[in-house]
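The file protein_39.cif comes next; it holds mmCIF, C-alpha atoms.
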data_work
#
loop_
_atom_site.label_atom_id
_atom_site.label_comp_id
_atom_site.auth_asym_id
_atom_site.auth_seq_id
_atom_site.Cartn_x
_atom_site.Cartn_y
_atom_site.Cartn_z
CA MET T 28 97.47 96.72 88.17
CA ASN T 29 97.38 96.95 91.93
CA PRO T 30 95.16 94.18 93.35
CA PHE T 31 93.47 96.26 96.06
CA LEU T 32 92.31 99.51 94.52
CA PRO T 33 89.34 99.71 92.13
CA ILE T 34 90.45 100.11 88.50
CA SER T 35 88.92 103.59 88.33
CA ALA T 36 91.11 104.69 91.27
CA GLN T 37 94.36 103.72 89.58
CA LYS T 38 93.90 104.41 85.87
CA ASP T 39 95.40 107.39 84.02
CA LEU T 40 97.96 107.97 86.78
CA VAL T 41 100.88 110.32 86.28
CA LEU T 42 103.72 110.66 88.77
CA ALA T 43 104.99 114.25 88.77
CA SER T 44 108.44 113.37 90.08
CA GLY T 45 111.88 112.55 88.79
CA SER T 46 112.71 110.46 91.87
CA PRO T 47 113.66 106.90 90.91
CA ARG T 48 112.70 105.82 94.46
CA ARG T 49 109.12 107.06 94.16
CA LYS T 50 108.85 105.42 90.74
CA LYS T 51 110.14 102.08 92.07
CA ILE T 52 107.71 102.07 95.03
CA LEU T 53 104.71 102.59 92.72
CA GLU T 54 105.97 100.01 90.22
CA GLU T 55 106.44 97.38 92.91
CA LEU T 56 102.85 97.92 94.02
CA GLY T 57 101.68 97.05 90.51
CA PHE T 58 100.67 100.54 89.36
CA GLU T 59 100.89 101.47 85.70
CA PHE T 60 101.66 105.15 85.29
CA GLU T 61 103.57 107.77 83.35
CA THR T 62 106.36 109.81 84.89
CA ILE T 63 106.67 113.50 84.06
CA VAL T 64 109.13 115.75 85.87
CA SER T 65 107.42 118.96 86.92
CA GLY T 66 110.34 121.35 86.65
CA VAL T 67 109.23 123.07 89.86
CA ASN T 68 112.31 124.42 91.65
CA GLU T 69 112.08 123.60 95.35
CA ASN T 70 114.62 126.31 96.16
CA GLU T 71 112.30 129.00 94.81
CA CYS T 72 109.58 128.25 97.35
CA PHE T 73 109.85 130.71 100.23
CA ILE T 74 107.18 129.46 102.62
CA ASP T 75 108.73 129.35 106.09
CA ASP T 76 106.55 126.74 107.76
CA PRO T 77 107.88 123.36 106.58
CA ILE T 78 104.49 121.62 106.68
CA GLN T 79 102.86 124.33 104.57
CA LYS T 80 105.87 124.26 102.28
CA VAL T 81 105.78 120.51 101.46
CA LYS T 82 102.03 120.72 100.87
CA ALA T 83 102.44 123.72 98.57
CA LEU T 84 105.32 122.12 96.66
CA ALA T 85 103.48 118.81 96.24
CA GLU T 86 100.48 120.69 94.82
CA LEU T 87 102.65 122.95 92.65
CA LYS T 88 104.40 119.93 91.13
CA ALA T 89 101.13 118.15 90.40
CA ALA T 90 99.54 121.34 89.00
CA ALA T 91 102.54 122.04 86.75
CA VAL T 92 102.35 118.57 85.18
CA ARG T 93 98.56 118.65 84.88
CA LYS T 94 98.75 121.28 82.13
CA SER T 95 100.48 118.82 79.81
CA CYS T 96 98.14 115.90 80.51
CA PRO T 97 94.53 116.97 80.99
CA GLY T 98 92.14 114.18 81.96
CA LYS T 99 94.83 112.35 83.97
CA LYS T 100 95.27 111.93 87.71
CA ILE T 101 98.52 113.57 88.80
CA ILE T 102 100.51 112.68 91.93
CA GLY T 103 102.90 115.31 93.26
CA ALA T 104 105.14 114.82 96.28
CA ASP T 105 107.78 116.72 98.20
CA THR T 106 109.90 115.39 101.05
CA ILE T 107 111.92 117.31 103.64
CA VAL T 108 113.98 116.35 106.66
CA ILE T 109 113.70 118.38 109.86
CA CYS T 110 116.08 118.02 112.78
CA ARG T 111 115.80 120.32 115.82
CA ASN T 112 113.76 122.85 113.83
CA LYS T 113 116.36 122.98 111.08
CA GLU T 114 115.34 121.92 107.58
CA LEU T 115 117.87 119.77 105.72
CA GLY T 116 117.80 119.71 101.94
CA LYS T 117 119.93 117.72 99.51
CA PRO T 118 123.67 118.19 100.15
CA THR T 119 125.52 119.70 97.19
CA ASP T 120 129.09 118.76 98.08
CA ARG T 121 131.13 116.49 100.37
CA LYS T 122 131.50 119.15 103.04
CA GLU T 123 127.77 119.78 103.25
CA ALA T 124 127.03 116.04 103.26
CA ALA T 125 129.50 115.49 106.12
CA GLU T 126 127.98 118.35 108.13
CA MET T 127 124.47 117.01 107.58
CA LEU T 128 125.31 113.44 108.63
CA ALA T 129 127.25 114.69 111.68
CA PHE T 130 124.22 116.79 112.61
CA LEU T 131 121.84 113.79 112.32
CA SER T 132 124.24 111.50 114.24
CA GLY T 133 122.81 110.28 117.56
CA LYS T 134 119.62 112.34 117.15
CA CYS T 135 115.99 111.87 116.18
CA HIS T 136 114.76 113.75 113.11
CA GLU T 137 111.52 113.89 111.22
CA VAL T 138 110.82 113.11 107.56
CA VAL T 139 107.80 114.99 106.24
CA THR T 140 106.28 114.29 102.83
CA GLY T 141 103.53 116.35 101.26
CA ILE T 142 101.37 114.51 98.73
CA ALA T 143 98.91 116.05 96.32
CA VAL T 144 96.65 114.23 93.89
CA ILE T 145 94.87 116.34 91.29
CA ALA T 146 92.16 114.63 89.25
CA PRO T 147 89.85 115.79 86.44
CA GLN T 148 87.05 118.23 87.39
CA ASN T 149 89.70 119.82 89.61
CA ARG T 150 89.19 117.26 92.37
CA ARG T 151 92.15 117.68 94.73
CA MET T 152 93.48 115.90 97.78
CA ILE T 153 96.49 117.16 99.70
CA ASP T 154 97.90 115.67 102.86
CA ILE T 155 101.17 115.04 104.70
CA GLU T 156 102.85 112.09 106.38
CA ARG T 157 105.45 112.40 109.18
CA THR T 158 107.90 109.73 110.33
CA LYS T 159 110.44 109.96 113.15
CA VAL T 160 113.88 108.49 112.40
CA TYR T 161 116.45 107.75 115.13
CA PHE T 162 120.09 107.72 114.00
CA LYS T 163 122.81 105.96 115.94
CA GLU T 164 126.03 107.83 116.74
CA LEU T 165 128.10 107.93 113.56
CA GLY T 166 131.90 107.91 113.60
CA SER T 167 133.98 109.73 111.01
CA ARG T 168 134.77 106.40 109.30
CA GLU T 169 131.06 105.86 108.73
CA ILE T 170 130.44 109.43 107.57
CA GLN T 171 133.41 109.55 105.19
CA GLY T 172 132.82 105.98 104.00
CA TYR T 173 129.21 106.80 103.25
CA ILE T 174 130.05 109.99 101.34
CA ASN T 175 132.54 107.99 99.26
CA THR T 176 129.64 105.86 97.99
CA ASN T 177 128.03 109.05 96.52
CA GLU T 178 124.69 107.98 97.95
CA PRO T 179 124.04 111.19 99.97
CA PHE T 180 123.96 113.63 97.08
CA ASP T 181 120.48 113.51 95.60
CA LYS T 182 118.66 112.82 98.88
CA ALA T 183 117.02 115.13 101.41
CA GLY T 184 118.96 114.80 104.66
CA GLY T 185 121.88 113.21 102.80
CA TYR T 186 121.01 109.54 103.33
CA ALA T 187 118.95 106.64 101.92
CA ILE T 188 117.28 104.40 104.50
CA GLN T 189 116.73 101.80 101.77
CA GLY T 190 120.38 102.01 100.76
CA LEU T 191 123.72 101.77 102.52
CA ALA T 192 122.52 104.00 105.39
CA ALA T 193 120.20 101.23 106.65
CA PRO T 194 122.52 100.25 109.54
CA PHE T 195 122.75 103.90 110.69
CA ILE T 196 119.09 103.85 111.70
CA LYS T 197 118.21 102.48 115.11
CA ARG T 198 114.47 102.79 114.80
CA ILE T 199 111.69 104.63 113.06
CA GLU T 200 108.21 105.60 114.22
CA GLY T 201 105.70 105.91 111.42
CA CYS T 202 105.52 104.93 107.76
CA TYR T 203 108.77 103.47 106.39
CA PHE T 204 107.94 104.28 102.77
CA ASN T 205 107.54 107.93 103.72
CA VAL T 206 111.25 107.93 104.59
CA VAL T 207 112.03 106.42 101.18
CA GLY T 208 109.97 109.21 99.59
CA LEU T 209 106.36 108.10 99.06
CA PRO T 210 104.00 107.20 101.95
CA VAL T 211 102.02 104.42 100.28
CA GLY T 212 99.43 103.90 103.02
CA LEU T 213 98.41 107.56 102.81
CA LEU T 214 98.46 107.53 98.99
CA PHE T 215 96.04 104.57 98.93
CA ILE T 216 93.64 106.36 101.26
CA MET T 217 93.83 109.48 99.08
CA LEU T 218 93.21 107.57 95.84
CA GLU T 219 90.22 105.82 97.44
CA GLU T 220 88.74 109.02 98.85
CA LEU T 221 89.18 110.81 95.55
CA GLU T 222 86.70 108.34 94.07
CA THR T 223 84.02 109.62 96.40
CA LEU T 224 84.46 113.35 95.56
CA MET Z 15 132.44 94.83 100.60
CA ASN Z 16 130.47 96.92 103.02
CA PRO Z 17 132.10 100.38 103.36
CA PHE Z 18 131.61 100.73 107.13
CA LEU Z 19 132.76 97.53 108.79
CA PRO Z 20 136.43 96.55 109.07
CA ILE Z 21 137.38 93.84 106.55
CA SER Z 22 138.01 91.34 109.36
CA ALA Z 23 134.44 91.80 110.60
CA GLN Z 24 132.87 90.89 107.26
CA LYS Z 25 135.08 88.24 105.73
CA ASP Z 26 134.24 84.51 105.62
CA LEU Z 27 130.55 85.20 106.23
CA VAL Z 28 127.95 82.48 105.78
CA LEU Z 29 124.20 83.14 105.96
CA ALA Z 30 122.45 80.09 107.43
CA SER Z 31 119.10 80.88 105.84
CA GLY Z 32 117.12 80.04 102.73
CA SER Z 33 115.20 83.34 102.89
CA PRO Z 34 115.66 85.34 99.67
CA ARG Z 35 114.76 88.49 101.64
CA ARG Z 36 117.63 88.07 104.11
CA LYS Z 37 120.01 87.36 101.24
CA LYS Z 38 118.90 90.47 99.35
CA ILE Z 39 119.31 92.73 102.40
CA LEU Z 40 122.90 91.56 102.94
CA GLU Z 41 123.74 91.81 99.24
CA GLU Z 42 122.42 95.36 99.01
CA LEU Z 43 124.68 96.34 101.90
CA GLY Z 44 127.67 95.13 99.91
CA PHE Z 45 128.43 91.95 101.87
CA GLU Z 46 130.03 89.00 100.13
CA PHE Z 47 128.88 85.73 101.66
CA GLU Z 48 127.82 82.16 101.07
CA THR Z 49 124.29 80.94 101.73
CA ILE Z 50 123.74 77.51 103.29
CA VAL Z 51 120.29 76.36 104.40
CA SER Z 52 120.51 74.85 107.88
CA GLY Z 53 117.78 72.25 107.58
CA VAL Z 54 116.62 73.07 111.13
CA ASN Z 55 112.87 72.48 111.35
CA GLU Z 56 111.23 75.37 113.18
CA ASN Z 57 108.18 73.25 113.94
CA GLU Z 58 110.27 70.83 115.98
CA CYS Z 59 111.29 73.48 118.52
CA PHE Z 60 109.05 73.24 121.57
CA ILE Z 61 110.20 76.19 123.65
CA ASP Z 62 107.10 78.05 124.81
CA ASP Z 63 108.53 81.50 125.42
CA PRO Z 64 108.73 83.14 121.96
CA ILE Z 65 111.80 85.24 122.80
CA GLN Z 66 113.74 82.21 124.04
CA LYS Z 67 112.51 80.29 121.03
CA VAL Z 68 113.77 82.70 118.34
CA LYS Z 69 117.11 82.95 120.13
CA ALA Z 70 117.42 79.16 120.33
CA LEU Z 71 116.39 78.67 116.70
CA ALA Z 72 118.80 81.34 115.44
CA GLU Z 73 121.63 79.66 117.34
CA LEU Z 74 120.58 76.16 116.23
CA LYS Z 75 120.53 77.24 112.58
CA ALA Z 76 123.98 78.84 112.82
CA ALA Z 77 125.39 75.86 114.75
CA ALA Z 78 123.99 73.35 112.22
CA VAL Z 79 125.68 75.15 109.30
CA ARG Z 80 128.93 75.65 111.19
CA LYS Z 81 129.74 71.93 111.02
CA SER Z 82 130.04 72.09 107.24
CA CYS Z 83 132.16 75.25 107.16
CA PRO Z 84 134.65 75.46 110.02
CA GLY Z 85 136.65 78.67 110.20
CA LYS Z 86 133.75 80.74 108.86
CA LYS Z 87 131.46 83.23 110.60
CA ILE Z 88 127.90 81.95 110.51
CA ILE Z 89 124.77 84.12 110.76
CA GLY Z 90 121.56 82.40 111.88
CA ALA Z 91 118.20 84.15 112.17
CA ASP Z 92 114.63 83.29 113.05
CA THR Z 93 111.63 85.61 112.82
CA ILE Z 94 108.22 85.27 114.43
CA VAL Z 95 105.09 87.39 114.56
CA ILE Z 96 103.21 87.80 117.84
CA CYS Z 97 99.76 89.35 118.09
CA ARG Z 98 97.89 89.45 121.44
CA ASN Z 99 100.15 86.70 122.85
CA LYS Z 100 99.46 84.42 119.90
CA GLU Z 101 102.36 83.35 117.73
CA LEU Z 102 101.72 83.41 113.98
CA GLY Z 103 103.79 81.19 111.72
CA LYS Z 104 103.74 80.84 107.94
CA PRO Z 105 100.24 80.11 106.60
CA THR Z 106 100.00 76.80 104.74
CA ASP Z 107 96.77 77.34 102.81
CA ARG Z 108 94.34 80.06 101.73
CA LYS Z 109 92.07 79.55 104.72
CA GLU Z 110 94.90 79.92 107.21
CA ALA Z 111 96.26 82.98 105.37
CA ALA Z 112 92.80 84.62 105.43
CA GLU Z 113 92.40 83.92 109.16
CA MET Z 114 95.84 85.33 109.89
CA LEU Z 115 95.30 88.55 107.93
CA ALA Z 116 91.84 89.03 109.47
CA PHE Z 117 93.41 88.57 112.91
CA LEU Z 118 96.12 91.19 112.20
CA SER Z 119 93.59 93.64 110.69
CA GLY Z 120 93.23 96.86 112.72
CA LYS Z 121 95.66 95.66 115.41
CA CYS Z 122 99.25 96.17 116.49
CA HIS Z 123 101.53 93.12 116.42
CA GLU Z 124 105.18 92.54 117.12
CA VAL Z 125 107.84 91.08 114.84
CA VAL Z 126 110.67 89.44 116.80
CA THR Z 127 113.87 88.24 115.16
CA GLY Z 128 116.57 86.27 116.93
CA ILE Z 129 120.06 86.61 115.45
CA ALA Z 130 123.06 84.46 116.26
CA VAL Z 131 126.58 84.88 114.94
CA ILE Z 132 129.00 82.05 115.61
CA ALA Z 133 132.65 82.71 114.79
CA PRO Z 134 135.83 80.57 115.06
CA GLN Z 135 137.11 79.83 118.56
CA ASN Z 136 133.47 79.40 119.45
CA ARG Z 137 132.92 83.15 119.84
CA ARG Z 138 129.15 83.62 119.90
CA MET Z 139 126.77 86.56 119.94
CA ILE Z 140 123.01 86.13 120.24
CA ASP Z 141 120.45 88.89 120.46
CA ILE Z 142 116.92 89.82 119.44
CA GLU Z 143 115.22 92.77 117.79
CA ARG Z 144 111.54 93.67 118.25
CA THR Z 145 109.44 95.94 116.04
CA LYS Z 146 105.81 96.95 116.49
CA VAL Z 147 103.68 96.95 113.32
CA TYR Z 148 100.27 98.65 113.13
CA PHE Z 149 97.88 97.26 110.50
CA LYS Z 150 94.97 99.25 109.15
CA GLU Z 151 91.53 97.63 109.02
CA LEU Z 152 91.49 95.22 106.08
CA GLY Z 153 88.36 94.51 104.06
CA SER Z 154 87.66 91.13 102.50
CA ARG Z 155 88.58 92.51 99.06
CA GLU Z 156 92.05 93.35 100.38
CA ILE Z 157 92.48 90.01 102.15
CA GLN Z 158 91.28 87.88 99.23
CA GLY Z 159 93.10 90.06 96.68
CA TYR Z 160 96.30 89.69 98.67
CA ILE Z 161 95.99 85.92 98.99
CA ASN Z 162 95.46 85.73 95.21
CA THR Z 163 98.96 87.18 94.75
CA ASN Z 164 100.41 84.15 96.62
CA GLU Z 165 102.62 86.50 98.63
CA PRO Z 166 101.42 85.35 102.10
CA PHE Z 167 102.56 81.74 101.88
CA ASP Z 168 106.22 81.66 102.78
CA LYS Z 169 106.11 84.51 105.30
CA ALA Z 170 105.65 84.59 109.07
CA GLY Z 171 102.38 86.39 109.79
CA GLY Z 172 101.28 85.94 106.17
CA TYR Z 173 102.45 89.27 104.74
CA ALA Z 174 105.46 91.06 103.27
CA ILE Z 175 105.93 94.69 104.34
CA GLN Z 176 108.36 95.18 101.44
CA GLY Z 177 105.86 93.68 99.02
CA LEU Z 178 102.22 94.25 98.15
CA ALA Z 179 101.22 94.48 101.83
CA ALA Z 180 103.01 97.84 102.17
CA PRO Z 181 99.76 99.88 102.06
CA PHE Z 182 98.25 97.68 104.83
CA ILE Z 183 100.71 99.07 107.35
CA LYS Z 184 99.87 102.35 109.02
CA ARG Z 185 103.06 102.70 111.04
CA ILE Z 186 105.90 100.77 112.58
CA GLU Z 187 107.94 101.42 115.71
CA GLY Z 188 111.45 99.99 115.58
CA CYS Z 189 113.74 98.59 112.89
CA TYR Z 190 112.10 98.25 109.47
CA PHE Z 191 114.55 95.62 108.24
CA ASN Z 192 113.64 93.44 111.20
CA VAL Z 193 110.13 93.22 109.74
CA VAL Z 194 111.60 92.19 106.38
CA GLY Z 195 113.60 89.49 108.21
CA LEU Z 196 117.06 90.76 109.15
CA PRO Z 197 117.64 93.65 111.59
CA VAL Z 198 120.71 95.21 109.98
CA GLY Z 199 121.48 97.79 112.68
CA LEU Z 200 121.70 95.03 115.29
CA LEU Z 201 123.70 92.76 112.98
CA PHE Z 202 126.31 95.50 112.45
CA ILE Z 203 126.67 96.00 116.20
CA MET Z 204 127.07 92.24 116.68
CA LEU Z 205 129.69 91.91 113.92
CA GLU Z 206 131.63 94.82 115.41
CA GLU Z 207 131.45 93.49 118.97
CA LEU Z 208 132.50 90.02 117.84
CA GLU Z 209 135.81 91.56 116.79
CA THR Z 210 136.52 92.50 120.39
CA LEU Z 211 135.86 89.05 121.88
#

Taking this structure as input, can you express it in the form of structure tokens?
Amino acid sequence: MNPFLPISAQKDLVLASGSPRRKKILEELGFEFETIVSGVNENECFIDDPIQKVKALAELKAAAVRKSCPGKKIIGADTIVICRNKELGKPTDRKEAAEMLAFLSGKCHEVVTGIAVIAPQNRRMIDIERTKVYFKELGSREIQGYINTNEPFDKAGGYAIQGLAAPFIKRIEGCYFNVVGLPVGLLFIMLEELETL
Amino acid sequence: MNPFLPISAQKDLVLASGSPRRKKILEELGFEFETIVSGVNENECFIDDPIQKVKALAELKAAAVRKSCPGKKIIGADTIVICRNKELGKPTDRKEAAEMLAFLSGKCHEVVTGIAVIAPQNRRMIDIERTKVYFKELGSREIQGYINTNEPFDKAGGYAIQGLAAPFIKRIEGCYFNVVGLPVGLLFIMLEELETL
């Protein structure tokens, strides 16, 4: 149980995500919930505008899981990294990871997460959170050393702020947990507002 | 072993702190180190200027531990919270914790950490990191519910951003790990620069 939200706001929760980071954030805040992976393929979403895209994907993921658990409250989320108008996904090999980290080196990028919560009686809330992240200049020893840890491969932008990439980040502006994958401040507001719909 | 720093920069490390949060941050970055509590009493430091105070306390803590482990590289740190020119320490009872959280509610405060690294041949580096933290408006249910978790009591400012207070924080500007208690980006720069002294 989370100590701040009313019981009604946090019961019957389902997280529509396979991300161990999102799961850990919710667990550490005391939530009790099921996890069901949506099966939505992010690469099959062809919306150009990144903000519209993360919102649509978050809602699609929640909606896909909702079919298998009616009466529950489903949380869907999708996170992307944008640097100089270029969207960075999850690197698939060492070369792509090295290119991504070299591109982020010394620059500011933005992490954007779309969150959707779908509750019974088709009550829906969808919103986004944006955080700026400033990378220091990375040398090839840092880039290659980081790729050797295998940490980049299942993460948008190719890094984990909560992992070994922590010292790469000079500063952030916004919600830290958004960069990890789940903006908790926004999620709390959404779960509270959903009670009033 | 941390994969980014040269071996010489990270061997013989001693953390002069009893904070489990500082220890965990260093461990998760792969460092191997001893922990020795300095015994320096923060309440017996009467420097008025908070920036000078955290620097002095960080250096005092490292210097106190150095006596018992010559030849090692000692890391000292001290963190304070400043809100509207008022310094907030660690609350000692429920009343003080409630006053502190009510004072932070809806405002921006600053977390300042002083870090000192003292290495053999009396090579020393001392610096500070500052992060702005924006709290949302807290209701009495949130404040009392949070105090009931006992989380406020051993923490400067009476909250843990990495703990249950995460949803209280709207945004930060600066290094996240500084708010937890150890600014890792700055520490890496210091350990690297110490090699060149």

inquiry  = Once the PyMOL selection byres ((chain Z and resi 182-184) around 9) has been evaluated on this model, what residues remain selected, and can you format them as a ChimeraX atom specification?
reply    = /T:201-202,211-213 /Z:119,147-152,156,175,178-181,185-186

query = At what distance in Å, to one decimal, does atom CA of Glu42 of chain Z lie from atom CA of Arg80 of chain Z?
reply =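 About the pair atom CA of Arg80 of chain Z and atom CA of Glu42 of chain Z: they are 24.1 Å apart.
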
inquiry  = For Lys88 of chain T, find every residue with an atom within 7 Å (counting all atoms listed in the file), except residues of its own chain fewer than 2 positions away, and show them as a ChimeraX atom specification.
reply    = /T:43,65,67,84-86,90-92,103

query = Need the neighbours of (102.3, 92.5, 120.5): which residues are at most 8 Å away, counting only C-alpha atoms, as a ChimeraX atom specification?
reply = /Z:96-99,122-124,146

request  = Between atom CA of Arg157 of chain T and atom CA of Asp105 of chain T, measure the distance and give it in Å to one decimal.
outcome  =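 Result for atom CA of Arg157 of chain T versus atom CA of Asp105 of chain T: 12.0 Å, one decimal.
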
Test item: the PyMOL selection byres ((chain T and resi 107) around 7) resolved as a PyMOL selection string = chain T and resi 105-106+108-109+114-116+138-140+183

key: Ground truth for the PyMOL selection byres ((chain Z and resi 168) around 10), written as a PyMOL selection string   = chain Z and resi 33+103-106+164-167+169-174

Adding 3 Å on each side of the box along x, y and z that holds all listed atoms of segment 129-134 of chain T, could you give its centre and edge lengths in Å to one decimal, as AutoDock Vina command-line options?
--center_x 123.4 --center_y 113.5 --center_z 114.6 --size_x 13.6 --size_y 12.5 --size_z 11.9

query = Do you know which residues are at most 12 Å from Ile74 of chain T counting all atoms listed in the file, after dropping those on the same chain fewer than 6 positions away, and could you put them as an MDAnalysis selection string?
reply = chainID T and resid 80:84

task = Could you jot down the atom CA of Ile140 of chain Z to atom CA of Met204 of chain Z separation for me, Å, one decimal place?
result =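 So the answer is 8.2 Å.
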
task = In the coordinates of the file, take the point (131.1, 90.6, 116.8) and a cut-off of 9 Å; then, counting only C-alpha atoms, name each qualifying protein, DNA or RNA residue as a PyMOL selection string.
result = chain Z and resi 23+131-133+137-139+201-211

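Nearest-residue note for chain T: choosing from Z:Ala76, Z:Leu29, Z:Ile89, Z:Val194, the minimum distance belongs to Z:Val194, counting all atoms listed in the file.
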
message = Restricting the calculation to all atoms listed in the file: of T:Glu126, T:Ile170, T:Glu54, T:Glu156, which residue gets closest to Val206 of chain T?
response = T:Glu156

key: Nearest-residue call for chain T, choices Z:Lys38, Z:Lys25, Z:Lys109, Z:Lys121, using all atoms listed in the file   = Z:Lys38
